[in-house]
file input_11.cif (mmCIF, C-alpha atoms)
data_entry
#
loop_
_atom_site.label_atom_id
_atom_site.label_comp_id
_atom_site.auth_asym_id
_atom_site.auth_seq_id
_atom_site.Cartn_x
_atom_site.Cartn_y
_atom_site.Cartn_z
CA MET A 1 0.00 0.00 0.00
CA ALA A 2 2.91 2.32 0.65
CA THR A 3 3.90 1.97 -3.00
CA ALA A 4 0.41 3.03 -4.05
CA VAL A 5 0.68 6.19 -1.93
CA VAL A 6 4.12 6.93 -3.39
CA ILE A 7 2.71 6.57 -6.93
CA LEU A 8 -0.11 8.95 -6.06
CA GLY A 9 2.33 11.41 -4.52
CA LEU A 10 4.54 11.42 -7.59
CA THR A 11 1.61 12.11 -9.92
CA ARG A 12 0.37 14.94 -7.71
CA ILE A 13 3.78 16.59 -7.36
CA VAL A 14 4.51 16.41 -11.09
CA GLN A 15 1.12 17.85 -11.95
CA LEU A 16 1.34 20.66 -9.42
CA LEU A 17 4.72 21.62 -10.87
CA MET A 18 3.17 21.63 -14.35
CA ILE A 19 0.33 23.85 -13.11
CA ALA A 20 2.82 26.30 -11.60
CA TRP A 21 4.92 26.30 -14.80
CA MET A 22 1.99 26.73 -17.19
CA GLY A 23 0.12 29.12 -14.91
CA ALA A 24 3.05 31.51 -14.81
CA ALA A 25 2.68 32.10 -18.55
CA ASN A 26 -1.08 32.61 -18.41
CA SER A 27 -2.47 36.07 -19.11
CA GLU A 28 -4.33 36.00 -15.79
CA PRO A 29 -1.81 34.57 -13.34
CA LYS A 30 -3.16 32.89 -10.26
CA THR A 31 -1.44 30.89 -7.57
CA VAL A 32 -1.53 27.10 -7.79
CA TRP A 33 -3.65 27.15 -4.65
CA ASP A 34 -6.26 29.40 -6.29
CA ARG A 35 -6.42 27.15 -9.35
CA LEU A 36 -7.20 24.16 -7.16
CA LEU A 37 -10.14 26.01 -5.61
CA ILE A 38 -11.99 27.08 -8.77
CA TRP A 39 -15.34 26.15 -10.30
CA ASP A 40 -17.36 23.53 -8.36
CA THR A 41 -15.25 24.02 -5.24
CA GLY A 42 -17.14 27.23 -4.52
CA TRP A 43 -20.44 25.37 -4.57
CA PHE A 44 -19.18 22.73 -2.14
CA ILE A 45 -17.82 25.37 0.23
CA ARG A 46 -21.08 27.30 0.19
CA VAL A 47 -23.00 24.15 1.07
CA ALA A 48 -20.52 23.43 3.85
CA MET A 49 -20.61 26.91 5.38
CA ASP A 50 -24.12 28.19 4.61
CA GLY A 51 -26.13 24.98 4.27
CA TYR A 52 -28.64 24.14 1.58
CA PRO A 53 -31.22 26.66 0.33
CA GLU A 54 -34.88 26.20 1.24
CA GLY A 55 -36.16 26.01 -2.32
CA PHE A 56 -35.62 26.97 -5.92
CA THR A 57 -33.44 29.95 -6.85
CA TYR A 58 -34.50 32.49 -9.47
CA ALA A 59 -32.70 35.21 -11.41
CA ALA A 60 -33.96 38.78 -11.55
CA ASP A 61 -35.87 38.01 -14.75
CA GLY A 62 -37.70 35.13 -13.07
CA ARG A 63 -35.65 32.40 -14.74
CA MET A 64 -34.83 29.40 -12.53
CA GLU A 65 -31.14 29.00 -11.69
CA GLY A 66 -29.10 26.13 -10.36
CA ASN A 67 -28.32 26.15 -6.67
CA GLU A 68 -26.49 24.20 -3.98
CA LEU A 69 -29.17 21.49 -3.73
CA ALA A 70 -27.65 19.95 -6.86
CA PHE A 71 -24.59 18.86 -4.84
CA PHE A 72 -24.70 15.68 -2.76
CA PRO A 73 -23.80 16.04 0.92
CA VAL A 74 -20.82 13.83 1.88
CA TYR A 75 -18.00 16.08 0.66
CA PRO A 76 -19.54 19.33 1.97
CA MET A 77 -20.14 17.69 5.36
CA LEU A 78 -16.45 16.79 5.62
CA ILE A 79 -15.47 20.34 4.66
CA ARG A 80 -17.81 21.65 7.35
CA PHE A 81 -16.21 19.32 9.88
CA GLY A 82 -12.77 20.66 8.98
CA ALA A 83 -14.00 24.24 9.23
CA ALA A 84 -15.50 23.47 12.65
CA LEU A 85 -11.98 22.56 13.78
CA GLY A 86 -10.89 26.09 12.90
CA ILE A 87 -9.47 25.35 9.45
CA ASP A 88 -10.09 27.85 6.65
CA PRO A 89 -12.88 26.46 4.41
CA GLY A 90 -10.70 26.44 1.29
CA THR A 91 -7.91 24.71 3.17
CA ALA A 92 -10.43 22.25 4.59
CA ALA A 93 -11.75 21.51 1.09
CA LEU A 94 -8.31 20.68 -0.25
CA THR A 95 -7.26 18.82 2.88
CA VAL A 96 -10.29 16.55 2.61
CA ALA A 97 -9.69 16.03 -1.12
CA TRP A 98 -6.01 15.21 -0.65
CA LEU A 99 -6.62 12.82 2.23
CA ALA A 100 -9.37 11.19 0.20
CA SER A 101 -6.91 10.84 -2.71
CA ILE A 102 -4.64 8.84 -0.44
CA GLY A 103 -7.62 6.69 0.51
CA ALA A 104 -8.47 6.33 -3.18
CA ALA A 105 -4.94 5.18 -4.04
CA ILE A 106 -5.01 2.56 -1.27
CA ALA A 107 -8.51 1.36 -2.23
CA LEU A 108 -7.59 1.17 -5.93
CA HIS A 109 -4.49 -0.83 -5.09
CA LEU A 110 -6.50 -3.25 -2.95
CA LEU A 111 -9.16 -3.60 -5.65
CA GLY A 112 -6.68 -4.24 -8.46
CA THR A 113 -4.75 -6.68 -6.27
CA SER A 114 -7.91 -8.53 -5.26
CA LEU A 115 -9.06 -8.93 -8.86
CA TYR A 116 -5.84 -9.38 -10.85
CA GLY A 117 -2.78 -9.43 -8.57
CA LYS A 118 -0.37 -6.98 -6.97
CA ARG A 119 1.11 -5.60 -10.21
CA ALA A 120 -2.39 -4.83 -11.44
CA GLY A 121 -3.06 -2.99 -8.20
CA TRP A 122 -0.10 -0.70 -8.74
CA ALA A 123 -1.02 -0.23 -12.40
CA LEU A 124 -4.60 0.72 -11.52
CA VAL A 125 -3.35 3.40 -9.14
CA ALA A 126 -0.87 4.80 -11.67
CA ILE A 127 -3.25 4.78 -14.63
CA CYS A 128 -6.21 6.26 -12.74
CA CYS A 129 -4.19 8.92 -10.91
CA SER A 130 -2.50 10.15 -14.07
CA ALA A 131 -5.51 10.08 -16.40
CA PRO A 132 -6.10 13.23 -18.51
CA VAL A 133 -8.63 14.66 -16.04
CA SER A 134 -7.10 13.28 -12.83
CA VAL A 135 -6.22 16.86 -11.90
CA VAL A 136 -9.55 16.85 -10.03
CA LEU A 137 -7.94 14.54 -7.46
CA SER A 138 -5.91 17.56 -6.32
CA MET A 139 -8.80 20.03 -6.51
CA GLY A 140 -11.73 20.83 -4.26
CA TYR A 141 -13.88 18.33 -6.13
CA SER A 142 -15.68 15.20 -4.94
CA GLU A 143 -13.93 12.75 -7.32
CA SER A 144 -11.22 11.75 -4.86
CA ILE A 145 -13.64 10.86 -2.08
CA TYR A 146 -16.01 9.16 -4.52
CA ILE A 147 -13.25 6.96 -5.96
CA ALA A 148 -12.04 6.09 -2.46
CA LEU A 149 -15.55 5.10 -1.42
CA VAL A 150 -16.56 3.17 -4.54
CA ALA A 151 -13.28 1.27 -4.77
CA GLY A 152 -13.38 0.55 -1.04
CA MET A 153 -16.97 -0.68 -1.37
CA PHE A 154 -16.03 -3.15 -4.09
CA VAL A 155 -13.00 -4.35 -2.13
CA ALA A 156 -15.22 -5.00 0.88
CA ALA A 157 -17.82 -6.78 -1.26
CA HIS A 158 -15.20 -8.92 -3.01
CA ARG A 159 -13.83 -9.95 0.39
CA ARG A 160 -17.36 -10.47 1.77
CA VAL A 161 -17.06 -7.85 4.52
CA TRP A 162 -20.70 -6.88 4.10
CA TRP A 163 -21.10 -4.36 6.90
CA ALA A 164 -18.25 -2.29 5.42
CA ALA A 165 -19.58 -2.73 1.88
CA GLY A 166 -23.02 -1.47 2.93
CA LEU A 167 -21.68 1.54 4.81
CA LEU A 168 -19.28 2.50 2.04
CA GLY A 169 -22.03 1.92 -0.52
CA LEU A 170 -24.35 4.31 1.31
CA LEU A 171 -21.64 6.98 1.53
CA THR A 172 -20.84 6.47 -2.16
CA ALA A 173 -24.49 6.99 -3.06
CA LEU A 174 -24.59 10.15 -0.94
CA SER A 175 -21.49 11.53 -2.68
CA ARG A 176 -22.81 11.96 -6.22
CA PRO A 177 -25.65 10.76 -8.50
CA THR A 178 -23.63 7.96 -10.13
CA GLY A 179 -23.53 6.41 -6.68
CA ALA A 180 -26.78 4.80 -7.81
CA ALA A 181 -24.73 2.77 -10.32
CA ALA A 182 -22.33 1.74 -7.55
CA ALA A 183 -25.25 0.59 -5.41
CA ILE A 184 -26.55 -1.52 -8.29
CA GLY A 185 -23.10 -3.07 -8.62
CA LEU A 186 -23.13 -3.90 -4.92
CA ALA A 187 -26.58 -5.43 -5.30
CA VAL A 188 -25.18 -7.73 -8.00
CA ALA A 189 -22.34 -8.73 -5.67
CA ALA A 190 -24.88 -9.48 -2.94
CA LEU A 191 -26.99 -11.65 -5.26
CA LEU A 192 -23.90 -13.59 -6.36
CA ALA A 193 -23.02 -14.20 -2.72
CA VAL A 194 -26.54 -15.39 -1.91
CA ARG A 195 -26.53 -17.70 -4.92
CA GLU A 196 -23.31 -19.28 -3.68
CA SER A 197 -24.55 -19.69 -0.12
CA ARG A 198 -27.90 -18.98 1.54
CA GLU A 199 -26.29 -18.99 4.96
CA GLN A 200 -26.56 -15.53 6.55
CA ALA A 201 -27.96 -14.18 3.30
CA TRP A 202 -29.33 -11.21 5.23
CA LYS A 203 -25.83 -9.69 5.46
CA PRO A 204 -25.19 -9.10 1.73
CA LEU A 205 -28.84 -8.29 1.08
CA THR A 206 -28.89 -5.71 3.87
CA ALA A 207 -25.67 -4.16 2.56
CA ALA A 208 -27.21 -3.84 -0.89
CA ALA A 209 -30.45 -2.39 0.44
CA VAL A 210 -28.59 0.22 2.49
CA ALA A 211 -26.53 1.31 -0.53
CA LEU A 212 -29.53 1.36 -2.85
CA ALA A 213 -31.35 3.69 -0.46
CA GLY A 214 -28.68 6.43 -0.69
CA VAL A 215 -29.56 8.31 -3.89
CA PRO A 216 -33.36 8.04 -3.38
CA LEU A 217 -32.91 9.34 0.18
CA TYR A 218 -31.12 12.48 -0.97
CA LEU A 219 -33.42 13.11 -3.92
CA GLY A 220 -36.41 12.55 -1.65
CA TRP A 221 -35.02 14.94 0.94
CA VAL A 222 -34.55 17.63 -1.73
CA ALA A 223 -38.11 17.03 -2.96
CA TYR A 224 -39.46 17.36 0.60
CA ARG A 225 -37.40 20.49 1.31
CA VAL A 226 -38.49 22.25 -1.88
CA GLY A 227 -42.01 20.82 -2.05
CA ASP A 228 -41.63 19.43 -5.54
CA LEU A 229 -41.08 15.76 -6.39
CA THR A 230 -38.77 16.56 -9.31
CA ALA A 231 -36.92 19.42 -7.61
CA TRP A 232 -33.39 18.01 -7.89
CA PHE A 233 -33.80 17.29 -11.60
CA GLN A 234 -35.19 20.77 -12.27
CA ILE A 235 -32.28 22.39 -10.44
CA GLN A 236 -29.76 20.35 -12.41
CA THR A 237 -31.37 21.28 -15.71
CA ALA A 238 -31.69 24.97 -14.82
CA GLY A 239 -28.11 25.34 -13.63
CA TRP A 240 -26.09 22.97 -15.78
CA GLY A 241 -28.35 21.88 -18.63
CA THR A 242 -28.28 18.36 -17.25
CA SER A 243 -31.09 16.05 -18.27
CA PHE A 244 -31.28 12.46 -19.48
CA ASP A 245 -31.82 12.49 -23.24
CA TYR A 246 -30.69 8.92 -23.96
CA GLY A 247 -27.38 10.04 -25.45
CA LYS A 248 -28.77 12.45 -28.05
CA SER A 249 -26.63 15.38 -26.90
CA THR A 250 -23.51 13.23 -26.65
CA ALA A 251 -24.05 11.88 -30.17
CA GLU A 252 -24.60 15.40 -31.53
CA PHE A 253 -21.43 16.62 -29.82
CA LEU A 254 -19.39 13.77 -31.28
CA TRP A 255 -20.85 14.22 -34.75
CA THR A 256 -20.42 18.00 -34.85
CA THR A 257 -16.97 18.06 -33.25
CA LEU A 258 -15.42 15.30 -35.31
CA ARG A 259 -16.97 16.72 -38.48
CA SER A 260 -15.93 20.34 -37.98
CA GLY A 261 -12.78 19.92 -35.87
CA ASP A 262 -13.53 23.18 -34.05
CA GLY A 263 -10.85 23.44 -31.36
CA TRP A 264 -8.36 20.81 -30.24
CA ILE A 265 -9.78 20.45 -26.73
CA PRO A 266 -13.29 19.55 -27.95
CA VAL A 267 -11.77 17.17 -30.52
CA SER A 268 -9.54 15.52 -27.92
CA MET A 269 -12.46 15.12 -25.53
CA ALA A 270 -14.56 13.62 -28.31
CA PHE A 271 -11.82 11.06 -28.91
CA MET A 272 -11.63 10.38 -25.17
CA LEU A 273 -15.34 9.56 -25.12
CA LEU A 274 -14.93 7.20 -28.08
CA VAL A 275 -11.80 5.55 -26.64
CA ALA A 276 -13.59 5.07 -23.30
CA LEU A 277 -16.41 3.28 -25.11
CA ALA A 278 -13.94 1.05 -26.95
CA ALA A 279 -12.02 0.33 -23.74
CA ALA A 280 -15.24 -0.61 -21.97
CA GLY A 281 -16.05 -3.00 -24.81
CA VAL A 282 -12.63 -4.64 -24.52
CA ALA A 283 -13.00 -4.86 -20.75
CA LEU A 284 -16.39 -6.56 -21.04
CA ALA A 285 -14.96 -9.02 -23.58
CA GLN A 286 -12.35 -9.95 -20.96
CA LYS A 287 -15.19 -10.86 -18.58
CA PRO A 288 -14.30 -8.82 -15.49
CA TRP A 289 -15.85 -9.35 -12.07
CA LEU A 290 -19.58 -8.99 -12.75
CA PRO A 291 -20.42 -6.37 -10.05
CA LEU A 292 -17.67 -4.07 -11.35
CA ALA A 293 -18.83 -4.61 -14.93
CA VAL A 294 -22.46 -3.82 -14.08
CA TYR A 295 -21.43 -0.71 -12.17
CA GLY A 296 -19.30 0.44 -15.09
CA VAL A 297 -22.00 -0.11 -17.70
CA VAL A 298 -24.71 1.64 -15.67
CA ALA A 299 -22.40 4.55 -14.81
CA MET A 300 -21.44 4.97 -18.46
CA ILE A 301 -25.09 4.95 -19.51
CA LEU A 302 -25.73 7.75 -17.01
CA VAL A 303 -22.75 9.79 -18.26
CA TYR A 304 -23.25 9.29 -21.99
CA GLY A 305 -27.02 9.42 -21.75
CA GLN A 306 -27.26 12.84 -20.14
CA ALA A 307 -27.12 16.26 -21.69
CA GLY A 308 -24.78 18.78 -20.13
CA PHE A 309 -21.30 20.23 -20.46
CA TYR A 310 -19.32 17.97 -22.81
CA HIS A 311 -16.07 19.00 -21.16
CA SER A 312 -17.25 17.50 -17.86
CA LYS A 313 -17.86 14.02 -19.25
CA PRO A 314 -14.24 12.76 -19.12
CA ARG A 315 -14.17 13.81 -15.46
CA LEU A 316 -17.39 11.94 -14.78
CA LEU A 317 -15.92 8.86 -16.45
CA LEU A 318 -12.77 8.84 -14.26
CA PRO A 319 -14.39 6.88 -11.37
CA VAL A 320 -16.04 4.35 -13.72
CA LEU A 321 -12.89 2.13 -13.55
CA LEU A 322 -14.22 -0.30 -16.18
CA THR A 323 -12.59 1.75 -18.94
CA LEU A 324 -9.19 1.41 -17.24
CA LEU A 325 -9.21 -2.38 -16.90
CA PRO A 326 -7.79 -3.30 -20.35
CA ALA A 327 -4.72 -1.11 -19.76
CA VAL A 328 -4.40 -2.39 -16.19
CA VAL A 329 -4.53 -6.04 -17.28
CA ALA A 330 -2.08 -5.40 -20.12
CA ALA A 331 0.35 -3.60 -17.80
CA SER A 332 0.17 -6.41 -15.23
CA LYS A 333 1.13 -8.98 -17.89
CA ALA A 334 3.77 -6.95 -19.75
CA ARG A 335 7.46 -6.98 -18.96
CA PRO A 336 8.15 -4.50 -16.12
CA LYS A 337 10.21 -2.18 -18.32
CA VAL A 338 7.51 -2.05 -21.01
CA ALA A 339 4.78 -1.44 -18.42
CA ILE A 340 6.73 1.35 -16.73
CA LEU A 341 7.56 3.10 -20.00
CA SER A 342 3.98 2.84 -21.25
CA ILE A 343 2.44 4.15 -18.04
CA THR A 344 5.03 6.95 -17.86
CA ALA A 345 4.13 8.10 -21.38
CA TRP A 346 0.43 7.97 -20.47
CA ALA A 347 1.11 9.91 -17.27
CA LEU A 348 3.12 12.67 -18.93
CA PHE A 349 0.32 13.38 -21.36
CA GLY A 350 -2.48 12.96 -18.83
CA LEU A 351 -0.88 15.16 -16.17
CA TRP A 352 0.00 17.85 -18.72
CA PHE A 353 -3.53 17.77 -20.15
CA GLY A 354 -5.07 18.24 -16.70
CA ALA A 355 -2.68 21.10 -15.93
CA TYR A 356 -3.66 22.74 -19.23
CA LEU A 357 -7.34 22.51 -18.34
CA VAL A 358 -6.92 24.47 -15.09
CA THR A 359 -4.40 27.04 -16.39
CA VAL A 360 -5.31 27.79 -20.02
CA TRP A 361 -8.71 26.24 -20.82
CA PRO A 362 -11.29 28.87 -19.80
CA TYR A 363 -14.25 26.60 -19.04
CA THR A 364 -15.23 24.50 -16.06
CA LEU A 365 -14.41 20.85 -15.70
#

call {"tool": "encode", "arguments": {"input": "input_11.cif", "output": "structure tokens"}}
result
Amino acid sequence: MATAVVILGLTRIVQLLMIAWMGAANSEPKTVWDRLLIWDTGWFIRVAMDGYPEGFTYAADGRMEGNELAFFPVYPMLIRFGAALGIDPGTAALTVAWLASIGAAIALHLLGTSLYGKRAGWALVAICCSAPVSVVLSMGYSESIYIALVAGMFVAAHRRVWWAAGLLGLLTALSRPTGAAAAIGLAVAALLAVRESREQAWKPLTAAAVALAGVPLYLGWVAYRVGDLTAWFQIQTAGWGTSFDYGKSTAEFLWTTLRSGDGWIPVSMAFMLLVALAAAGVALAQKPWLPLAVYGVVAMILVYGQAGFYHSKPRLLLPVLLTLLPAVVAASKARPKVAILSITAWALFGLWFGAYLVTVWPYTL
């Protein structure tokens, strides 16, 4: 596990140095610290310090706007806890994210080791933590805590520690909407366990039920607070254009971008979406552990099937894990020198790309 933390540390240090180097040449220089606290971080901090609003939010012209109710509670609660200890909210946000990144590295290592062996565990950490949008693991975003929770949940389920799987599954589901996909994956693991042995079947089934309750609980609480059954969905659509359109918007983005080639970032992100689909197909052909496969497929349906900012989709795919498995398996079977050189090349591009997004690219992740 120490090796996993060292790998994480190396990726973070290299990327922070890249951010400082690239940021110094930007027309609007900011400190590295400021760049790690941009965009969604402000929303999380407002939830942590001011709580959730009582209802919908409207602009001066009467148009509905997005508000803090769109953001699930686990990460803001941890920021609030840090602030209650006297830590500055921004510092608390990054402290939680960085500690969660360490937890994510350890959980990823344990998951890869459990499924494919120790070398695969190290490869999973390196490939995930140096992916093109892995910069969010250093930012005030919820990806680091979500990856730590979802990977930890699957480790616990694979090792049949059901009380831990259920608790981690509930926290995963209360971290972000795709936690629903993780809960479904845990339910599959529970059903497999019950099929193998009916003895103490209540343990895996209870774990699955607890995890499955997470997303409906939060959405139901938002509906009760606002007084509208579809409140959370309306807030998401009003603020971020997010709605489930069965992949229509994603298909239109791919078609238009690859046809017109308007900007290298949109084109590169279009290719990332296509490569992720191909990688998922290869992973499924390799017949991975069924709960992880089901989680990955459901999570990808949610990401590809929703309208919203196209430049956020690669970030939303980072915790899916299924798309990383072909590279992880290949690295675990390759000669050590080949695996190290391949992952290093991947990391140099991925870490540079993430640094570019927070220093030069003007839009949110």

call {"tool": "residues_around", "arguments": {"input": "input_11.cif", "residues": "Met1 (chain A)", "least_positions_apart": "5", "cutoff": "8 Å", "atoms": "all atoms listed in the file", "output": "list of chain:residue names"}}
result
A:Ile106, A:His109, A:Leu110

call {"tool": "atom_distance", "arguments": {"input": "input_11.cif", "atom1": "CA of Ala207 (chain A)", "atom2": "CA of Ala187 (chain A)"}}
result
8.0 Å

call {"tool": "residues_around", "arguments": {"input": "input_11.cif", "residues": "Arg159 (chain A)", "least_positions_apart": "4", "cutoff": "12 Å", "atoms": "all atoms listed in the file", "output": "PyMOL selection string"}}
result
chain A and resi 110-111+113-115+152-155+163-165+189-190+193+204

call {"tool": "atom_distance", "arguments": {"input": "input_11.cif", "atom1": "CA of Val161 (chain A)", "atom2": "CA of Lys203 (chain A)"}}
result
9.0 Å

call {"tool": "closest_residue", "arguments": {"input": "input_11.cif", "among": "A:Pro73, A:Gly55, A:Pro326, A:Pro132", "to": "Pro177 (chain A)", "atoms": "all atoms listed in the file"}}
result
A:Pro73

call {"tool": "atom_distance", "arguments": {"input": "input_11.cif", "atom1": "CA of Gly112 (chain A)", "atom2": "CA of Leu274 (chain A)"}}
result
24.2 Å

call {"tool": "residues_around", "arguments": {"input": "input_11.cif", "residues": "Gly82 (chain A)", "least_positions_apart": "4", "cutoff": "12 Å", "atoms": "all atoms listed in the file", "output": "mmCIF file with C-alpha atoms, keeping the file's coordinate frame"}}
result
data_model
loop_
_atom_site.group_PDB
_atom_site.id
_atom_site.type_symbol
_atom_site.label_atom_id
_atom_site.label_comp_id
_atom_site.auth_asym_id
_atom_site.auth_seq_id
_atom_site.Cartn_x
_atom_site.Cartn_y
_atom_site.Cartn_z
ATOM 1 C CA ILE A 45 -17.820 25.370 0.230
ATOM 2 C CA ALA A 48 -20.520 23.430 3.850
ATOM 3 C CA MET A 49 -20.610 26.910 5.380
ATOM 4 C CA TYR A 75 -18.000 16.080 0.660
ATOM 5 C CA PRO A 76 -19.540 19.330 1.970
ATOM 6 C CA MET A 77 -20.140 17.690 5.360
ATOM 7 C CA LEU A 78 -16.450 16.790 5.620
ATOM 8 C CA GLY A 86 -10.890 26.090 12.900
ATOM 9 C CA ILE A 87 -9.470 25.350 9.450
ATOM 10 C CA ASP A 88 -10.090 27.850 6.650
ATOM 11 C CA PRO A 89 -12.880 26.460 4.410
ATOM 12 C CA GLY A 90 -10.700 26.440 1.290
ATOM 13 C CA THR A 91 -7.910 24.710 3.170
ATOM 14 C CA ALA A 92 -10.430 22.250 4.590
ATOM 15 C CA ALA A 93 -11.750 21.510 1.090
ATOM 16 C CA LEU A 94 -8.310 20.680 -0.250
ATOM 17 C CA THR A 95 -7.260 18.820 2.880
ATOM 18 C CA VAL A 96 -10.290 16.550 2.610
ATOM 19 C CA ALA A 97 -9.690 16.030 -1.120
#

call {"tool": "closest_residue", "arguments": {"input": "input_11.cif", "among": "A:Gly296, A:Gly51, A:Gly354, A:Gly117", "to": "Ala280 (chain A)", "atoms": "all atoms listed in the file"}}
result
A:Gly296

call {"tool": "residues_around", "arguments": {"input": "input_11.cif", "residues": "Tyr58 (chain A)", "least_positions_apart": "4", "cutoff": "12 Å", "atoms": "all atoms listed in the file", "output": "list of chain:residue names"}}
result
A:Pro53, A:Gly62, A:Arg63, A:Met64, A:Glu65, A:Gly66, A:Asn67, A:Ile235, A:Ala238, A:Gly239

call {"tool": "closest_residue", "arguments": {"input": "input_11.cif", "among": "A:Ala59, A:Leu277, A:Ala84, A:Val135", "to": "Arg35 (chain A)", "atoms": "only C-alpha atoms"}}
result
A:Val135

call {"tool": "resolve_selection", "arguments": {"input": "input_11.cif", "expression": "the PyMOL selection byres ((chain A and resi 312) around 10)", "output": "list in words"}}
result
Val133, Met269, Val303, Gly308, Phe309, Tyr310, His311, Lys313, Pro314, Arg315, Leu316, Leu317, Tyr363, Thr364 and Leu365 of chain A

call {"tool": "resolve_selection", "arguments": {"input": "input_11.cif", "expression": "the PyMOL selection byres ((chain A and resi 6) around 12)", "output": "number ranges by chain"}}
result
A: 1-5, 7-13, 101-102, 105-106, 109, 122, 125-126, 129

call {"tool": "resolve_selection", "arguments": {"input": "input_11.cif", "expression": "the PyMOL selection byres ((chain A and resi 293) around 12)", "output": "VMD selection string"}}
result
chain A and resid 154 181 to 182 184 to 186 188 to 189 280 to 292 294 to 300 320 to 325

call {"tool": "closest_residue", "arguments": {"input": "input_11.cif", "among": "A:Val329, A:Ala270, A:Leu69, A:Val338", "to": "Trp221 (chain A)", "atoms": "all atoms listed in the file"}}
result
A:Leu69

call {"tool": "residues_around", "arguments": {"input": "input_11.cif", "residues": "Ala151 (chain A)", "least_positions_apart": "3", "cutoff": "6 Å", "atoms": "all atoms listed in the file", "output": "list in words"}}
result
Ala107, Leu108, Ile147, Ala148 and Phe154 of chain A

call {"tool": "axis_aligned_box", "arguments": {"input": "input_11.cif", "around": "region 132-148 of chain A", "padding_each_side": "3 Å", "output": "AutoDock Vina command-line options"}}
result
--center_x -11.0 --center_y 13.5 --center_z -10.3 --size_x 16.1 --size_y 20.7 --size_z 22.4

call {"tool": "closest_residue", "arguments": {"input": "input_11.cif", "among": "A:Ala70, A:Ala307, A:Leu258, A:Val47", "to": "Val222 (chain A)", "atoms": "all atoms listed in the file"}}
result
A:Ala70

call {"tool": "build_atoms", "arguments": {"input": "input_11.cif", "residues": "region 277-288 of chain A", "atoms": "N, CA, C and O atoms", "output": "PDB file, in the frame of the given file"}}
result
ATOM      1  N   LEU A 277     -15.434   4.280 -24.664  1.00  0.00           N
ATOM      2  CA  LEU A 277     -16.410   3.280 -25.110  1.00  0.00           C
ATOM      3  C   LEU A 277     -15.716   2.018 -25.609  1.00  0.00           C
ATOM      4  O   LEU A 277     -16.107   0.889 -25.271  1.00  0.00           O
ATOM      5  N   ALA A 278     -14.675   2.196 -26.424  1.00  0.00           N
ATOM      6  CA  ALA A 278     -13.940   1.050 -26.950  1.00  0.00           C
ATOM      7  C   ALA A 278     -13.269   0.270 -25.819  1.00  0.00           C
ATOM      8  O   ALA A 278     -13.296  -0.972 -25.796  1.00  0.00           O
ATOM      9  N   ALA A 279     -12.683   0.996 -24.862  1.00  0.00           N
ATOM     10  CA  ALA A 279     -12.020   0.330 -23.740  1.00  0.00           C
ATOM     11  C   ALA A 279     -13.016  -0.457 -22.899  1.00  0.00           C
ATOM     12  O   ALA A 279     -12.725  -1.566 -22.434  1.00  0.00           O
ATOM     13  N   ALA A 280     -14.203   0.110 -22.717  1.00  0.00           N
ATOM     14  CA  ALA A 280     -15.240  -0.610 -21.970  1.00  0.00           C
ATOM     15  C   ALA A 280     -15.630  -1.897 -22.694  1.00  0.00           C
ATOM     16  O   ALA A 280     -15.847  -2.943 -22.071  1.00  0.00           O
ATOM     17  N   GLY A 281     -15.725  -1.810 -24.027  1.00  0.00           N
ATOM     18  CA  GLY A 281     -16.050  -3.000 -24.810  1.00  0.00           C
ATOM     19  C   GLY A 281     -14.988  -4.075 -24.660  1.00  0.00           C
ATOM     20  O   GLY A 281     -15.313  -5.264 -24.492  1.00  0.00           O
ATOM     21  N   VAL A 282     -13.716  -3.671 -24.712  1.00  0.00           N
ATOM     22  CA  VAL A 282     -12.630  -4.640 -24.520  1.00  0.00           C
ATOM     23  C   VAL A 282     -12.680  -5.229 -23.119  1.00  0.00           C
ATOM     24  O   VAL A 282     -12.512  -6.446 -22.927  1.00  0.00           O
ATOM     25  N   ALA A 283     -12.928  -4.375 -22.129  1.00  0.00           N
ATOM     26  CA  ALA A 283     -13.000  -4.860 -20.750  1.00  0.00           C
ATOM     27  C   ALA A 283     -14.113  -5.880 -20.583  1.00  0.00           C
ATOM     28  O   ALA A 283     -13.922  -6.921 -19.931  1.00  0.00           O
ATOM     29  N   LEU A 284     -15.274  -5.623 -21.154  1.00  0.00           N
ATOM     30  CA  LEU A 284     -16.390  -6.560 -21.040  1.00  0.00           C
ATOM     31  C   LEU A 284     -16.076  -7.873 -21.750  1.00  0.00           C
ATOM     32  O   LEU A 284     -16.475  -8.949 -21.283  1.00  0.00           O
ATOM     33  N   ALA A 285     -15.346  -7.800 -22.872  1.00  0.00           N
ATOM     34  CA  ALA A 285     -14.960  -9.020 -23.580  1.00  0.00           C
ATOM     35  C   ALA A 285     -14.008  -9.875 -22.742  1.00  0.00           C
ATOM     36  O   ALA A 285     -13.954 -11.104 -22.908  1.00  0.00           O
ATOM     37  N   GLN A 286     -13.272  -9.228 -21.851  1.00  0.00           N
ATOM     38  CA  GLN A 286     -12.350  -9.950 -20.960  1.00  0.00           C
ATOM     39  C   GLN A 286     -13.053 -10.529 -19.740  1.00  0.00           C
ATOM     40  O   GLN A 286     -12.413 -11.147 -18.900  1.00  0.00           O
ATOM     41  N   LYS A 287     -14.346 -10.324 -19.644  1.00  0.00           N
ATOM     42  CA  LYS A 287     -15.190 -10.860 -18.580  1.00  0.00           C
ATOM     43  C   LYS A 287     -14.668 -10.518 -17.172  1.00  0.00           C
ATOM     44  O   LYS A 287     -14.216 -11.378 -16.431  1.00  0.00           O
ATOM     45  N   PRO A 288     -14.727  -9.230 -16.831  1.00  0.00           N
ATOM     46  CA  PRO A 288     -14.300  -8.820 -15.490  1.00  0.00           C
ATOM     47  C   PRO A 288     -15.293  -9.272 -14.429  1.00  0.00           C
ATOM     48  O   PRO A 288     -16.364  -9.809 -14.750  1.00  0.00           O
TER      49      PRO A 288
END
